[in-house]
Amino acid sequence: MKTQTKSIREQIKSELEKLLPQMKRVVNLIEDTEDNWLDHYERLDPDDQFQRYMFYFIAESMQKAQRTIEIMKAPVVASGKLYKNSAGRYEYERGSYFTSGCPIEFLHEEEGRDPSWIHSRVEHNGSDYYIVGYPNLSMNGLFVRMRLRG
């Protein structure tokens with residue numbers, strides 16, 4: 001059963017990767033059209049403006065999907081437990097540390113739930129760093145990993 005499940009997961013990943021070039025073409029087309037939108041839409045036509053807005057919304061959603069696929073397919077290059085260094089930043093092996101805006105993947109282990117890797121980012125609240133979506137989770141001692149950024 002696990003072999004079949006892995007095969008399905010690999011098939012999904014493969015299909016998502018195949019979508020990337022097409023999604024990039026569509027996003028570029030929408031962005032190119034937006035650069036000279038008056039050549040393509042009537043300013044006072046509410047239907048044209050609705051379609052323009054919807055294309056823009058679709059392009060943003062496709063860009064988010066592209067980033068997510070790129071993150072998923074990037075190899076893990078490092079992992080380790082975080083600790084707070086003397087500069088007040090959270091770091092792990094070889095001096096790698098996190099500051100505001102840095103992407104982070106952490107192993108989320110909560111009683112009653114299956115362990116799972118969570119992708120988020122680090123921010124600072126004025127007194128300490130935290131993980132977006134998990135502001136009360138202590139970063140000290142948290143097991144994290146980093147993917148190769150493209």
# chains A, B, ... in the order shown; residues from 1 in each chain; ligands from 1

call {"tool": "select_by_dssp", "arguments": {"residues": "chain A", "states": "strand (DSSP E or B)", "output": "PyMOL selection string"}}
result
chain A and resi 76-81+83-84+90-92+96-98+103-108+116-124+129-131+134+143-147

call {"tool": "write_last_selection", "arguments": {"atoms": "C-alpha atoms", "output": "PDB file, in the first residue's frame"}}
result
ATOM      1  CA  VAL A  76      16.708  20.110   2.009  1.00  0.00           C
ATOM      2  CA  VAL A  77      20.291  21.279   2.538  1.00  0.00           C
ATOM      3  CA  ALA A  78      20.532  21.637   6.314  1.00  0.00           C
ATOM      4  CA  SER A  79      18.683  20.857   9.516  1.00  0.00           C
ATOM      5  CA  GLY A  80      19.181  21.182  13.225  1.00  0.00           C
ATOM      6  CA  LYS A  81      17.879  22.503  16.526  1.00  0.00           C
ATOM      7  CA  TYR A  83      19.123  28.111  19.888  1.00  0.00           C
ATOM      8  CA  LYS A  84      19.225  31.808  20.678  1.00  0.00           C
ATOM      9  CA  TYR A  90      17.894  31.980  16.466  1.00  0.00           C
ATOM     10  CA  GLU A  91      20.542  29.898  14.749  1.00  0.00           C
ATOM     11  CA  TYR A  92      21.550  26.333  14.089  1.00  0.00           C
ATOM     12  CA  SER A  96      22.942  29.821   9.947  1.00  0.00           C
ATOM     13  CA  TYR A  97      20.415  32.103  11.593  1.00  0.00           C
ATOM     14  CA  PHE A  98      16.929  33.483  11.006  1.00  0.00           C
ATOM     15  CA  PRO A 103      11.472  31.374   5.350  1.00  0.00           C
ATOM     16  CA  ILE A 104      11.528  28.537   7.849  1.00  0.00           C
ATOM     17  CA  GLU A 105      10.405  24.922   7.980  1.00  0.00           C
ATOM     18  CA  PHE A 106       9.951  23.462  11.418  1.00  0.00           C
ATOM     19  CA  LEU A 107       8.894  20.115  12.769  1.00  0.00           C
ATOM     20  CA  HIS A 108       5.559  20.718  14.458  1.00  0.00           C
ATOM     21  CA  SER A 116       4.415  17.502  10.386  1.00  0.00           C
ATOM     22  CA  TRP A 117       6.870  19.842   8.690  1.00  0.00           C
ATOM     23  CA  ILE A 118       5.378  23.335   8.500  1.00  0.00           C
ATOM     24  CA  HIS A 119       6.547  26.043   6.108  1.00  0.00           C
ATOM     25  CA  SER A 120       6.268  29.601   7.382  1.00  0.00           C
ATOM     26  CA  ARG A 121       8.475  32.643   7.939  1.00  0.00           C
ATOM     27  CA  VAL A 122      10.160  34.349  10.864  1.00  0.00           C
ATOM     28  CA  GLU A 123       9.191  37.834  12.074  1.00  0.00           C
ATOM     29  CA  HIS A 124      10.035  39.999  15.081  1.00  0.00           C
ATOM     30  CA  TYR A 129      11.452  36.493  16.954  1.00  0.00           C
ATOM     31  CA  TYR A 130       8.464  34.273  16.292  1.00  0.00           C
ATOM     32  CA  ILE A 131       7.080  32.043  13.548  1.00  0.00           C
ATOM     33  CA  TYR A 134       2.609  30.186  15.628  1.00  0.00           C
ATOM     34  CA  PHE A 143      13.966  21.327  15.031  1.00  0.00           C
ATOM     35  CA  VAL A 144      14.166  23.133  11.678  1.00  0.00           C
ATOM     36  CA  ARG A 145      15.385  22.521   8.165  1.00  0.00           C
ATOM     37  CA  MET A 146      16.418  24.722   5.265  1.00  0.00           C
ATOM     38  CA  ARG A 147      15.880  24.151   1.585  1.00  0.00           C
TER      39      ARG A 147
END

call {"tool": "residues_around", "arguments": {"residues": "Thr68 of chain A", "least_positions_apart": "6", "cutoff": "12 Å", "atoms": "only C-alpha atoms", "output": "list in words"}}
result
Lys13, Leu16, Glu17, Leu20, Ser61, Met62, Ala74, Pro103, His119 and Ser120 of chain A

call {"tool": "residues_around", "arguments": {"residues": "segment 43-57 of chain A", "least_positions_apart": "4", "cutoff": "9 Å", "atoms": "only C-alpha atoms", "output": "list in words"}}
result
Val27, Ile30, Glu31, Glu34, Trp37, Leu38, Ser61 and Met62 of chain A

call {"tool": "closest_residue", "arguments": {"among": "A:Leu29, A:Ala87, A:Ala65, A:Leu137", "to": "Thr99 of chain A", "atoms": "only C-alpha atoms"}}
result
A:Ala87

call {"tool": "select_by_dssp", "arguments": {"residues": "chain A", "states": "alpha helix (DSSP H)", "output": "PyMOL selection string"}}
result
chain A and resi 2-35+46-73

call {"tool": "closest_residue", "arguments": {"among": "A:Ser100, A:Glu109, A:Gln11, A:Arg149", "to": "Asn125 of chain A", "atoms": "only C-alpha atoms"}}
result
A:Ser100

call {"tool": "atom_distance", "arguments": {"atom1": "atom CA of Cys102 of chain A", "atom2": "atom CA of Arg89 of chain A"}}
result
11.8 Å
